[in-house]
Each structure stands twice: as structure tokens, then as C-alpha cells.
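Below: upload_32.tsv (TSV, N, CA, C and O atoms)
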chain	number	residue	atom	x	y	z
A	1	MET	N	3.68	-1.03	14.12
A	1	MET	CA	2.75	-1.73	13.25
A	1	MET	C	3.13	-1.41	11.81
A	1	MET	O	3.30	-0.25	11.46
A	2	LEU	N	3.25	-2.44	10.99
A	2	LEU	CA	3.62	-2.28	9.59
A	2	LEU	C	2.49	-2.73	8.69
A	2	LEU	O	1.82	-3.74	8.97
A	3	VAL	N	2.28	-1.97	7.63
A	3	VAL	CA	1.34	-2.35	6.58
A	3	VAL	C	2.06	-2.12	5.25
A	3	VAL	O	2.87	-1.22	5.13
A	4	THR	N	1.77	-2.98	4.27
A	4	THR	CA	2.36	-2.80	2.95
A	4	THR	C	1.26	-2.59	1.91
A	4	THR	O	0.16	-3.10	2.05
A	5	ALA	N	1.61	-1.81	0.90
A	5	ALA	CA	0.73	-1.59	-0.25
A	5	ALA	C	1.61	-1.86	-1.47
A	5	ALA	O	2.45	-1.04	-1.82
A	6	GLU	N	1.42	-3.02	-2.08
A	6	GLU	CA	2.28	-3.43	-3.19
A	6	GLU	C	1.50	-3.50	-4.49
A	6	GLU	O	0.30	-3.67	-4.50
A	7	SER	N	2.25	-3.43	-5.58
A	7	SER	CA	1.70	-3.57	-6.91
A	7	SER	C	2.62	-4.48	-7.71
A	7	SER	O	2.47	-5.69	-7.70
A	8	CYS	N	3.61	-3.89	-8.33
A	8	CYS	CA	4.53	-4.64	-9.20
A	8	CYS	C	5.28	-5.74	-8.46
A	8	CYS	O	5.70	-6.73	-9.08
A	9	THR	N	5.47	-5.59	-7.17
A	9	THR	CA	6.19	-6.60	-6.39
A	9	THR	C	5.33	-7.83	-6.11
A	9	THR	O	5.84	-8.85	-5.67
A	10	GLY	N	4.04	-7.73	-6.35
A	10	GLY	CA	3.14	-8.88	-6.26
A	10	GLY	C	3.09	-9.58	-4.91
A	10	GLY	O	2.81	-10.77	-4.83
A	11	GLY	N	3.35	-8.86	-3.85
A	11	GLY	CA	3.30	-9.46	-2.52
A	11	GLY	C	4.65	-9.91	-1.99
A	11	GLY	O	4.73	-10.45	-0.88
A	12	TRP	N	5.70	-9.67	-2.74
A	12	TRP	CA	7.03	-10.11	-2.33
A	12	TRP	C	7.46	-9.47	-1.00
A	12	TRP	O	8.05	-10.13	-0.15
A	13	VAL	N	7.17	-8.19	-0.81
A	13	VAL	CA	7.57	-7.52	0.43
A	13	VAL	C	6.85	-8.16	1.62
A	13	VAL	O	7.48	-8.46	2.64
A	14	ALA	N	5.56	-8.39	1.51
A	14	ALA	CA	4.81	-9.02	2.59
A	14	ALA	C	5.34	-10.43	2.86
A	14	ALA	O	5.45	-10.86	4.02
A	15	GLN	N	5.71	-11.16	1.83
A	15	GLN	CA	6.27	-12.49	2.01
A	15	GLN	C	7.59	-12.43	2.77
A	15	GLN	O	7.82	-13.22	3.69
A	16	ALA	N	8.43	-11.47	2.42
A	16	ALA	CA	9.72	-11.33	3.10
A	16	ALA	C	9.51	-10.96	4.57
A	16	ALA	O	10.20	-11.48	5.45
A	17	VAL	N	8.56	-10.10	4.84
A	17	VAL	CA	8.27	-9.69	6.21
A	17	VAL	C	7.76	-10.87	7.04
A	17	VAL	O	8.20	-11.11	8.16
A	18	THR	N	6.82	-11.63	6.47
A	18	THR	CA	6.23	-12.73	7.23
A	18	THR	C	7.16	-13.92	7.37
A	18	THR	O	6.89	-14.83	8.15
A	19	ALA	N	8.28	-13.90	6.68
A	19	ALA	CA	9.29	-14.95	6.87
A	19	ALA	C	10.07	-14.73	8.17
A	19	ALA	O	10.79	-15.63	8.62
A	20	VAL	N	9.92	-13.57	8.78
A	20	VAL	CA	10.60	-13.24	10.03
A	20	VAL	C	9.76	-13.76	11.19
A	20	VAL	O	8.57	-13.42	11.32
A	21	ALA	N	10.38	-14.58	12.02
A	21	ALA	CA	9.68	-15.11	13.20
A	21	ALA	C	9.19	-13.97	14.08
A	21	ALA	O	9.91	-13.00	14.32
A	22	GLY	N	7.94	-14.06	14.51
A	22	GLY	CA	7.36	-13.05	15.38
A	22	GLY	C	6.78	-11.85	14.67
A	22	GLY	O	6.28	-10.93	15.31
A	23	SER	N	6.81	-11.85	13.34
A	23	SER	CA	6.31	-10.69	12.60
A	23	SER	C	4.81	-10.46	12.81
A	23	SER	O	4.34	-9.34	12.62
A	24	SER	N	4.09	-11.46	13.24
A	24	SER	CA	2.66	-11.26	13.49
A	24	SER	C	2.42	-10.28	14.64
A	24	SER	O	1.32	-9.74	14.77
A	25	ASP	N	3.44	-10.01	15.43
A	25	ASP	CA	3.31	-9.03	16.51
A	25	ASP	C	3.31	-7.59	15.98
A	25	ASP	O	2.82	-6.69	16.65
A	26	TRP	N	3.85	-7.36	14.79
A	26	TRP	CA	3.98	-6.00	14.29
A	26	TRP	C	3.60	-5.81	12.83
A	26	TRP	O	3.59	-4.69	12.33
A	27	PHE	N	3.25	-6.90	12.13
A	27	PHE	CA	2.81	-6.77	10.74
A	27	PHE	C	1.30	-6.84	10.70
A	27	PHE	O	0.70	-7.88	10.97
A	28	GLU	N	0.67	-5.71	10.41
A	28	GLU	CA	-0.79	-5.60	10.41
A	28	GLU	C	-1.42	-6.35	9.24
A	28	GLU	O	-2.26	-7.20	9.41
A	29	ARG	N	-0.99	-6.01	8.02
A	29	ARG	CA	-1.52	-6.66	6.81
A	29	ARG	C	-0.82	-6.10	5.59
A	29	ARG	O	-0.14	-5.10	5.66
A	30	GLY	N	-1.06	-6.76	4.46
A	30	GLY	CA	-0.50	-6.30	3.20
A	30	GLY	C	-1.58	-6.25	2.13
A	30	GLY	O	-2.45	-7.10	2.09
A	31	PHE	N	-1.50	-5.24	1.31
A	31	PHE	CA	-2.40	-5.10	0.17
A	31	PHE	C	-1.60	-5.35	-1.10
A	31	PHE	O	-0.57	-4.71	-1.32
A	32	VAL	N	-2.05	-6.28	-1.93
A	32	VAL	CA	-1.45	-6.50	-3.24
A	32	VAL	C	-2.49	-6.01	-4.24
A	32	VAL	O	-3.50	-6.67	-4.48
A	33	THR	N	-2.24	-4.85	-4.79
A	33	THR	CA	-3.20	-4.19	-5.68
A	33	THR	C	-2.55	-4.01	-7.05
A	33	THR	O	-2.11	-2.92	-7.39
A	34	TYR	N	-2.50	-5.08	-7.77
A	34	TYR	CA	-1.82	-5.07	-9.07
A	34	TYR	C	-2.58	-4.28	-10.11
A	34	TYR	O	-2.00	-3.51	-10.87
A	35	SER	N	-3.88	-4.43	-10.15
A	35	SER	CA	-4.67	-3.71	-11.16
A	35	SER	C	-5.02	-2.31	-10.67
A	35	SER	O	-5.06	-2.04	-9.47
A	36	ASN	N	-5.29	-1.42	-11.61
A	36	ASN	CA	-5.72	-0.07	-11.25
A	36	ASN	C	-7.05	-0.11	-10.50
A	36	ASN	O	-7.27	0.68	-9.59
A	37	ASP	N	-7.94	-1.03	-10.89
A	37	ASP	CA	-9.21	-1.16	-10.17
A	37	ASP	C	-8.98	-1.51	-8.71
A	37	ASP	O	-9.65	-0.97	-7.82
A	38	ALA	N	-8.05	-2.41	-8.44
A	38	ALA	CA	-7.76	-2.78	-7.05
A	38	ALA	C	-7.18	-1.59	-6.29
A	38	ALA	O	-7.54	-1.36	-5.13
A	39	LYS	N	-6.30	-0.85	-6.91
A	39	LYS	CA	-5.74	0.34	-6.27
A	39	LYS	C	-6.85	1.32	-5.91
A	39	LYS	O	-6.86	1.91	-4.84
A	40	ARG	N	-7.78	1.49	-6.82
A	40	ARG	CA	-8.90	2.41	-6.61
A	40	ARG	C	-9.85	1.88	-5.53
A	40	ARG	O	-10.18	2.60	-4.58
A	41	GLU	N	-10.27	0.63	-5.67
A	41	GLU	CA	-11.27	0.06	-4.77
A	41	GLU	C	-10.75	-0.18	-3.35
A	41	GLU	O	-11.46	0.10	-2.38
A	42	LEU	N	-9.55	-0.69	-3.21
A	42	LEU	CA	-9.03	-1.06	-1.89
A	42	LEU	C	-8.26	0.06	-1.19
A	42	LEU	O	-8.28	0.14	0.04
A	43	LEU	N	-7.61	0.90	-1.98
A	43	LEU	CA	-6.74	1.92	-1.38
A	43	LEU	C	-7.20	3.35	-1.66
A	43	LEU	O	-6.62	4.29	-1.15
A	44	GLY	N	-8.24	3.49	-2.48
A	44	GLY	CA	-8.79	4.81	-2.72
A	44	GLY	C	-7.96	5.69	-3.64
A	44	GLY	O	-8.07	6.92	-3.59
A	45	VAL	N	-7.15	5.09	-4.51
A	45	VAL	CA	-6.37	5.89	-5.45
A	45	VAL	C	-7.34	6.53	-6.46
A	45	VAL	O	-8.16	5.84	-7.06
A	46	ALA	N	-7.21	7.82	-6.62
A	46	ALA	CA	-8.11	8.55	-7.52
A	46	ALA	C	-7.81	8.21	-8.97
A	46	ALA	O	-6.65	8.16	-9.37
A	47	PRO	N	-8.84	7.98	-9.78
A	47	PRO	CA	-8.64	7.67	-11.20
A	47	PRO	C	-7.79	8.71	-11.92
A	47	PRO	O	-7.01	8.38	-12.82
A	48	ILE	N	-7.91	9.97	-11.53
A	48	ILE	CA	-7.13	11.03	-12.18
A	48	ILE	C	-5.63	10.80	-11.98
A	48	ILE	O	-4.82	11.22	-12.80
A	49	ARG	N	-5.26	10.14	-10.89
A	49	ARG	CA	-3.84	9.86	-10.62
A	49	ARG	C	-3.25	9.00	-11.73
A	49	ARG	O	-2.14	9.24	-12.18
A	50	PHE	N	-3.99	8.00	-12.18
A	50	PHE	CA	-3.51	7.13	-13.26
A	50	PHE	C	-3.38	7.92	-14.56
A	50	PHE	O	-2.41	7.74	-15.30
A	51	ALA	N	-4.36	8.77	-14.82
A	51	ALA	CA	-4.34	9.56	-16.05
A	51	ALA	C	-3.17	10.55	-16.07
A	51	ALA	O	-2.54	10.73	-17.11
A	52	ARG	N	-2.90	11.14	-14.95
A	52	ARG	CA	-1.84	12.17	-14.90
A	52	ARG	C	-0.44	11.60	-14.72
A	52	ARG	O	0.52	12.15	-15.25
A	53	HIS	N	-0.32	10.53	-13.93
A	53	HIS	CA	1.00	10.04	-13.55
A	53	HIS	C	1.28	8.59	-13.89
A	53	HIS	O	2.42	8.15	-13.82
A	54	GLY	N	0.23	7.83	-14.22
A	54	GLY	CA	0.39	6.41	-14.50
A	54	GLY	C	0.34	5.59	-13.22
A	54	GLY	O	0.42	6.12	-12.12
A	55	ALA	N	0.20	4.29	-13.40
A	55	ALA	CA	0.09	3.39	-12.25
A	55	ALA	C	1.41	3.23	-11.53
A	55	ALA	O	1.45	2.99	-10.32
A	56	VAL	N	2.52	3.33	-12.25
A	56	VAL	CA	3.84	3.15	-11.66
A	56	VAL	C	4.50	4.53	-11.59
A	56	VAL	O	5.18	4.96	-12.51
A	57	SER	N	4.22	5.22	-10.49
A	57	SER	CA	4.76	6.56	-10.29
A	57	SER	C	4.84	6.84	-8.80
A	57	SER	O	4.17	6.20	-7.99
A	58	GLU	N	5.66	7.79	-8.45
A	58	GLU	CA	5.77	8.18	-7.04
A	58	GLU	C	4.44	8.69	-6.52
A	58	GLU	O	4.04	8.39	-5.38
A	59	GLU	N	3.72	9.46	-7.32
A	59	GLU	CA	2.44	10.02	-6.90
A	59	GLU	C	1.43	8.92	-6.57
A	59	GLU	O	0.74	8.99	-5.56
A	60	THR	N	1.35	7.91	-7.45
A	60	THR	CA	0.43	6.81	-7.21
A	60	THR	C	0.87	6.00	-5.99
A	60	THR	O	0.04	5.62	-5.15
A	61	ALA	N	2.16	5.76	-5.85
A	61	ALA	CA	2.67	5.01	-4.69
A	61	ALA	C	2.35	5.74	-3.39
A	61	ALA	O	1.96	5.11	-2.39
A	62	ARG	N	2.49	7.05	-3.38
A	62	ARG	CA	2.16	7.82	-2.17
A	62	ARG	C	0.68	7.71	-1.83
A	62	ARG	O	0.30	7.57	-0.68
A	63	GLU	N	-0.17	7.76	-2.84
A	63	GLU	CA	-1.61	7.63	-2.60
A	63	GLU	C	-1.96	6.22	-2.14
A	63	GLU	O	-2.84	6.04	-1.29
A	64	MET	N	-1.28	5.22	-2.69
A	64	MET	CA	-1.48	3.84	-2.22
A	64	MET	C	-1.11	3.72	-0.74
A	64	MET	O	-1.84	3.11	0.04
A	65	ALA	N	0.03	4.29	-0.37
A	65	ALA	CA	0.48	4.22	1.02
A	65	ALA	C	-0.52	4.92	1.95
A	65	ALA	O	-0.86	4.38	3.02
A	66	SER	N	-0.99	6.07	1.53
A	66	SER	CA	-1.98	6.79	2.35
A	66	SER	C	-3.25	5.97	2.51
A	66	SER	O	-3.83	5.90	3.60
A	67	GLY	N	-3.68	5.33	1.43
A	67	GLY	CA	-4.88	4.50	1.49
A	67	GLY	C	-4.69	3.30	2.40
A	67	GLY	O	-5.60	2.94	3.15
A	68	ALA	N	-3.52	2.69	2.35
A	68	ALA	CA	-3.25	1.54	3.22
A	68	ALA	C	-3.29	1.97	4.69
A	68	ALA	O	-3.83	1.26	5.54
A	69	LEU	N	-2.75	3.13	4.99
A	69	LEU	CA	-2.79	3.63	6.36
A	69	LEU	C	-4.21	3.91	6.82
A	69	LEU	O	-4.58	3.62	7.96
A	70	ARG	N	-5.04	4.46	5.94
A	70	ARG	CA	-6.44	4.73	6.29
A	70	ARG	C	-7.20	3.45	6.60
A	70	ARG	O	-8.13	3.46	7.40
A	71	GLN	N	-6.83	2.35	5.94
A	71	GLN	CA	-7.56	1.09	6.09
A	71	GLN	C	-7.09	0.24	7.27
A	71	GLN	O	-7.63	-0.84	7.50
A	72	THR	N	-6.08	0.68	8.00
A	72	THR	CA	-5.47	-0.15	9.04
A	72	THR	C	-5.22	0.64	10.32
A	72	THR	O	-5.49	1.83	10.40
A	73	ARG	N	-4.65	-0.06	11.29
A	73	ARG	CA	-4.26	0.56	12.56
A	73	ARG	C	-2.85	1.12	12.50
A	73	ARG	O	-2.38	1.74	13.46
A	74	ALA	N	-2.14	0.90	11.40
A	74	ALA	CA	-0.77	1.41	11.27
A	74	ALA	C	-0.81	2.93	11.09
A	74	ALA	O	-1.80	3.48	10.63
A	75	ARG	N	0.27	3.57	11.45
A	75	ARG	CA	0.37	5.02	11.33
A	75	ARG	C	1.69	5.39	10.67
A	75	ARG	O	2.69	4.72	10.85
A	76	SER	N	1.68	6.49	9.97
A	76	SER	CA	2.88	6.97	9.29
A	76	SER	C	3.91	7.48	10.28
A	76	SER	O	3.57	8.08	11.29
A	77	LEU	N	5.17	7.24	9.96
A	77	LEU	CA	6.26	7.76	10.78
A	77	LEU	C	6.68	9.14	10.32
A	77	LEU	O	7.38	9.86	11.03
A	78	SER	N	6.28	9.54	9.10
A	78	SER	CA	6.65	10.86	8.61
A	78	SER	C	5.79	11.93	9.27
A	78	SER	O	4.69	11.65	9.76
A	79	ARG	N	6.28	13.13	9.27
A	79	ARG	CA	5.54	14.21	9.94
A	79	ARG	C	5.02	15.21	8.96
A	79	ARG	O	5.38	15.54	8.01
Please express what this file holds, its structure, as C-alpha cells.
Amino acid sequence: MLVTAESCTGGWVAQAVTAVAGSSDWFERGFVTYSNDAKRELLGVAPIRFARHGAVSEETAREMASGALRQTRARSLSR
């Protein structure tokens, strides 16, 4: 099961995935959270993350990914 949490890509990754025939069998959903408010409201990114690291940072991306996993049936492959 795949889920995406995008910002600057504006949904491009989800579009590329859904262009693959049969992707509905393994693509759960995609979040396009361009604004900081959307990142906070939909994915649970802490406001302090923006203050400390900015919206475009590895730390924020990791928190977005964690939030997307919490909101879906997808699970992380990392241990």
C-alpha cells in the first residue's frame, strides 16, 4: 500500500503513480499539502517544525510522511 505526502511537487508524484494501470490496487491516497496550514491540519506537522527547520526541510518531510502514515492503512517499510 502506497501513500504520498507532497508539497512543492503539487501532486505530481500521485499523478505519476495513478498513470500506472492497476495502481488502485496498491495506491491508498495522496496528500497535497502545499500550505503550512494544510501540513499542520492534515498531516499533524508541528508548528515548531516550520519555525526551526522551515517548510522545505528533511525534518518537515519526515513529519509529513509520518502524518500520512497515521492517516491511512499504509505502513512504513523502515524499521
Check: What lies within 6 Å of stretch 37-46 of chain A using only C-alpha atoms, ignoring chain neighbours under 3 positions off, as a list in words?
Finding: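 That gives Thr33, Arg49, Glu63, Met64, Gly67 and Ala68 of chain A.
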Please dump the current selection as a PDB file, keeping the file's coordinate frame; keep N, CA, C and O atoms.
ATOM      1  N   THR A  33      -2.240  -4.850  -4.790  1.00  0.00           N
ATOM      2  CA  THR A  33      -3.200  -4.190  -5.680  1.00  0.00           C
ATOM      3  C   THR A  33      -2.550  -4.010  -7.050  1.00  0.00           C
ATOM      4  O   THR A  33      -2.110  -2.920  -7.390  1.00  0.00           O
ATOM      5  N   ARG A  49      -5.260  10.140 -10.890  1.00  0.00           N
ATOM      6  CA  ARG A  49      -3.840   9.860 -10.620  1.00  0.00           C
ATOM      7  C   ARG A  49      -3.250   9.000 -11.730  1.00  0.00           C
ATOM      8  O   ARG A  49      -2.140   9.240 -12.180  1.00  0.00           O
ATOM      9  N   GLU A  63      -0.170   7.760  -2.840  1.00  0.00           N
ATOM     10  CA  GLU A  63      -1.610   7.630  -2.600  1.00  0.00           C
ATOM     11  C   GLU A  63      -1.960   6.220  -2.140  1.00  0.00           C
ATOM     12  O   GLU A  63      -2.840   6.040  -1.290  1.00  0.00           O
ATOM     13  N   MET A  64      -1.280   5.220  -2.690  1.00  0.00           N
ATOM     14  CA  MET A  64      -1.480   3.840  -2.220  1.00  0.00           C
ATOM     15  C   MET A  64      -1.110   3.720  -0.740  1.00  0.00           C
ATOM     16  O   MET A  64      -1.840   3.110   0.040  1.00  0.00           O
ATOM     17  N   GLY A  67      -3.680   5.330   1.430  1.00  0.00           N
ATOM     18  CA  GLY A  67      -4.880   4.500   1.490  1.00  0.00           C
ATOM     19  C   GLY A  67      -4.690   3.300   2.400  1.00  0.00           C
ATOM     20  O   GLY A  67      -5.600   2.940   3.150  1.00  0.00           O
ATOM     21  N   ALA A  68      -3.520   2.690   2.350  1.00  0.00           N
ATOM     22  CA  ALA A  68      -3.250   1.540   3.220  1.00  0.00           C
ATOM     23  C   ALA A  68      -3.290   1.970   4.690  1.00  0.00           C
ATOM     24  O   ALA A  68      -3.830   1.260   5.540  1.00  0.00           O
TER      25      ALA A  68
END
Item checked: Pairwise distance for atom CA of A:Val32 and atom CA of A:Thr9, rounded to one decimal in Å ->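 Straight-line distance from atom CA of A:Val32 to atom CA of A:Thr9 works out to 8.3 Å.
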Margin query: Counting all atoms listed in the file, which residue out of A:Pro47, A:Arg75, A:Val56, A:Leu2 sits closest to A:Trp26?
Written below: A:Leu2
Next item on the list: Find the residues with any atom within 12 Å of (-5.3, 0.0, 16.1); use only C-alpha atoms and the coordinates as given in the file, and write the answer as JSON, numbers by chain.
Entry: {"A": [1, 2, 3, 26, 27, 28, 69, 70, 71, 72, 73, 74, 75]}
Where's the centre, and what are the edge lengths in Å to one decimal, of a box along x, y and z enclosing all listed atoms of stretch 13-22 of chain A padded 3 Å per side, as lines of an AutoDock Vina configuration file?
center_x = 7.8
center_y = -11.6
center_z = 7.3
size_x = 12.0
size_y = 14.1
size_z = 22.2
Notebook entry, point to check: When distances are computed from only N, CA, C and O atoms, which of A:Ser76, A:Tyr34, A:Arg52, A:Ser23 shows the smallest separation from A:Ser7?
Noted result: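 With only N, CA, C and O atoms as the atom set, the closest residue is A:Tyr34.
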Margin query: Run DSSP on the backbone and tell me which residues of chain A come out as strand (DSSP E or B); list them as a PyMOL selection string.
Written below: chain A and resi 2-6+27-32
Based on the backbone DSSP call, show me all residues of stretch 4-65 of chain A assigned alpha helix (DSSP H), as an mmCIF file with N, CA, C and O atoms, keeping the file's coordinate frame.
data_model
loop_
_atom_site.group_PDB
_atom_site.id
_atom_site.type_symbol
_atom_site.label_atom_id
_atom_site.label_comp_id
_atom_site.auth_asym_id
_atom_site.auth_seq_id
_atom_site.Cartn_x
_atom_site.Cartn_y
_atom_site.Cartn_z
ATOM 1 N N TRP A 12 5.700 -9.670 -2.740
ATOM 2 C CA TRP A 12 7.030 -10.110 -2.330
ATOM 3 C C TRP A 12 7.460 -9.470 -1.000
ATOM 4 O O TRP A 12 8.050 -10.130 -0.150
ATOM 5 N N VAL A 13 7.170 -8.190 -0.810
ATOM 6 C CA VAL A 13 7.570 -7.520 0.430
ATOM 7 C C VAL A 13 6.850 -8.160 1.620
ATOM 8 O O VAL A 13 7.480 -8.460 2.640
ATOM 9 N N ALA A 14 5.560 -8.390 1.510
ATOM 10 C CA ALA A 14 4.810 -9.020 2.590
ATOM 11 C C ALA A 14 5.340 -10.430 2.860
ATOM 12 O O ALA A 14 5.450 -10.860 4.020
ATOM 13 N N GLN A 15 5.710 -11.160 1.830
ATOM 14 C CA GLN A 15 6.270 -12.490 2.010
ATOM 15 C C GLN A 15 7.590 -12.430 2.770
ATOM 16 O O GLN A 15 7.820 -13.220 3.690
ATOM 17 N N ALA A 16 8.430 -11.470 2.420
ATOM 18 C CA ALA A 16 9.720 -11.330 3.100
ATOM 19 C C ALA A 16 9.510 -10.960 4.570
ATOM 20 O O ALA A 16 10.200 -11.480 5.450
ATOM 21 N N VAL A 17 8.560 -10.100 4.840
ATOM 22 C CA VAL A 17 8.270 -9.690 6.210
ATOM 23 C C VAL A 17 7.760 -10.870 7.040
ATOM 24 O O VAL A 17 8.200 -11.110 8.160
ATOM 25 N N THR A 18 6.820 -11.630 6.470
ATOM 26 C CA THR A 18 6.230 -12.730 7.230
ATOM 27 C C THR A 18 7.160 -13.920 7.370
ATOM 28 O O THR A 18 6.890 -14.830 8.150
ATOM 29 N N ASN A 36 -5.290 -1.420 -11.610
ATOM 30 C CA ASN A 36 -5.720 -0.070 -11.250
ATOM 31 C C ASN A 36 -7.050 -0.110 -10.500
ATOM 32 O O ASN A 36 -7.270 0.680 -9.590
ATOM 33 N N ASP A 37 -7.940 -1.030 -10.890
ATOM 34 C CA ASP A 37 -9.210 -1.160 -10.170
ATOM 35 C C ASP A 37 -8.980 -1.510 -8.710
ATOM 36 O O ASP A 37 -9.650 -0.970 -7.820
ATOM 37 N N ALA A 38 -8.050 -2.410 -8.440
ATOM 38 C CA ALA A 38 -7.760 -2.780 -7.050
ATOM 39 C C ALA A 38 -7.180 -1.590 -6.290
ATOM 40 O O ALA A 38 -7.540 -1.360 -5.130
ATOM 41 N N LYS A 39 -6.300 -0.850 -6.910
ATOM 42 C CA LYS A 39 -5.740 0.340 -6.270
ATOM 43 C C LYS A 39 -6.850 1.320 -5.910
ATOM 44 O O LYS A 39 -6.860 1.910 -4.840
ATOM 45 N N ARG A 40 -7.780 1.490 -6.820
ATOM 46 C CA ARG A 40 -8.900 2.410 -6.610
ATOM 47 C C ARG A 40 -9.850 1.880 -5.530
ATOM 48 O O ARG A 40 -10.180 2.600 -4.580
ATOM 49 N N GLU A 41 -10.270 0.630 -5.670
ATOM 50 C CA GLU A 41 -11.270 0.060 -4.770
ATOM 51 C C GLU A 41 -10.750 -0.180 -3.350
ATOM 52 O O GLU A 41 -11.460 0.100 -2.380
ATOM 53 N N LEU A 42 -9.550 -0.690 -3.210
ATOM 54 C CA LEU A 42 -9.030 -1.060 -1.890
ATOM 55 C C LEU A 42 -8.260 0.060 -1.190
ATOM 56 O O LEU A 42 -8.280 0.140 0.040
ATOM 57 N N LEU A 43 -7.610 0.900 -1.980
ATOM 58 C CA LEU A 43 -6.740 1.920 -1.380
ATOM 59 C C LEU A 43 -7.200 3.350 -1.660
ATOM 60 O O LEU A 43 -6.620 4.290 -1.150
ATOM 61 N N PRO A 47 -8.840 7.980 -9.780
ATOM 62 C CA PRO A 47 -8.640 7.670 -11.200
ATOM 63 C C PRO A 47 -7.790 8.710 -11.920
ATOM 64 O O PRO A 47 -7.010 8.380 -12.820
ATOM 65 N N ILE A 48 -7.910 9.970 -11.530
ATOM 66 C CA ILE A 48 -7.130 11.030 -12.180
ATOM 67 C C ILE A 48 -5.630 10.800 -11.980
ATOM 68 O O ILE A 48 -4.820 11.220 -12.800
ATOM 69 N N ARG A 49 -5.260 10.140 -10.890
ATOM 70 C CA ARG A 49 -3.840 9.860 -10.620
ATOM 71 C C ARG A 49 -3.250 9.000 -11.730
ATOM 72 O O ARG A 49 -2.140 9.240 -12.180
ATOM 73 N N PHE A 50 -3.990 8.000 -12.180
ATOM 74 C CA PHE A 50 -3.510 7.130 -13.260
ATOM 75 C C PHE A 50 -3.380 7.920 -14.560
ATOM 76 O O PHE A 50 -2.410 7.740 -15.300
ATOM 77 N N ALA A 51 -4.360 8.770 -14.820
ATOM 78 C CA ALA A 51 -4.340 9.560 -16.050
ATOM 79 C C ALA A 51 -3.170 10.550 -16.070
ATOM 80 O O ALA A 51 -2.540 10.730 -17.110
ATOM 81 N N ARG A 52 -2.900 11.140 -14.950
ATOM 82 C CA ARG A 52 -1.840 12.170 -14.900
ATOM 83 C C ARG A 52 -0.440 11.600 -14.720
ATOM 84 O O ARG A 52 0.520 12.150 -15.250
ATOM 85 N N HIS A 53 -0.320 10.530 -13.930
ATOM 86 C CA HIS A 53 1.000 10.040 -13.550
ATOM 87 C C HIS A 53 1.280 8.590 -13.890
ATOM 88 O O HIS A 53 2.420 8.150 -13.820
ATOM 89 N N GLU A 58 5.660 7.790 -8.450
ATOM 90 C CA GLU A 58 5.770 8.180 -7.040
ATOM 91 C C GLU A 58 4.440 8.690 -6.520
ATOM 92 O O GLU A 58 4.040 8.390 -5.380
ATOM 93 N N GLU A 59 3.720 9.460 -7.320
ATOM 94 C CA GLU A 59 2.440 10.020 -6.900
ATOM 95 C C GLU A 59 1.430 8.920 -6.570
ATOM 96 O O GLU A 59 0.740 8.990 -5.560
ATOM 97 N N THR A 60 1.350 7.910 -7.450
ATOM 98 C CA THR A 60 0.430 6.810 -7.210
ATOM 99 C C THR A 60 0.870 6.000 -5.990
ATOM 100 O O THR A 60 0.040 5.620 -5.150
ATOM 101 N N ALA A 61 2.160 5.760 -5.850
ATOM 102 C CA ALA A 61 2.670 5.010 -4.690
ATOM 103 C C ALA A 61 2.350 5.740 -3.390
ATOM 104 O O ALA A 61 1.960 5.110 -2.390
ATOM 105 N N ARG A 62 2.490 7.050 -3.380
ATOM 106 C CA ARG A 62 2.160 7.820 -2.170
ATOM 107 C C ARG A 62 0.680 7.710 -1.830
ATOM 108 O O ARG A 62 0.300 7.570 -0.680
ATOM 109 N N GLU A 63 -0.170 7.760 -2.840
ATOM 110 C CA GLU A 63 -1.610 7.630 -2.600
ATOM 111 C C GLU A 63 -1.960 6.220 -2.140
ATOM 112 O O GLU A 63 -2.840 6.040 -1.290
ATOM 113 N N MET A 64 -1.280 5.220 -2.690
ATOM 114 C CA MET A 64 -1.480 3.840 -2.220
ATOM 115 C C MET A 64 -1.110 3.720 -0.740
ATOM 116 O O MET A 64 -1.840 3.110 0.040
ATOM 117 N N ALA A 65 0.030 4.290 -0.370
ATOM 118 C CA ALA A 65 0.480 4.220 1.020
ATOM 119 C C ALA A 65 -0.520 4.920 1.950
ATOM 120 O O ALA A 65 -0.860 4.380 3.020
#
Item checked: Separation of atom O of A:Glu59 from atom CA of A:Val20, in Å and rounded to one decimal ->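 Computed distance, atom O of A:Glu59 to atom CA of A:Val20, equals 28.9 Å.
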Next item on the list: Pick out the closest residue to A:Ala5 from this set: A:Ser24, A:Ser35, A:Ala55, A:Ala61. Count all atoms listed in the file.
Entry: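 The shortest atom-to-atom distance to A:Ala5 comes from A:Ala61.
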Check: In Å to one decimal, how far is atom N of A:Thr4 from atom CA of A:Glu58?
Finding: 16.4 Å
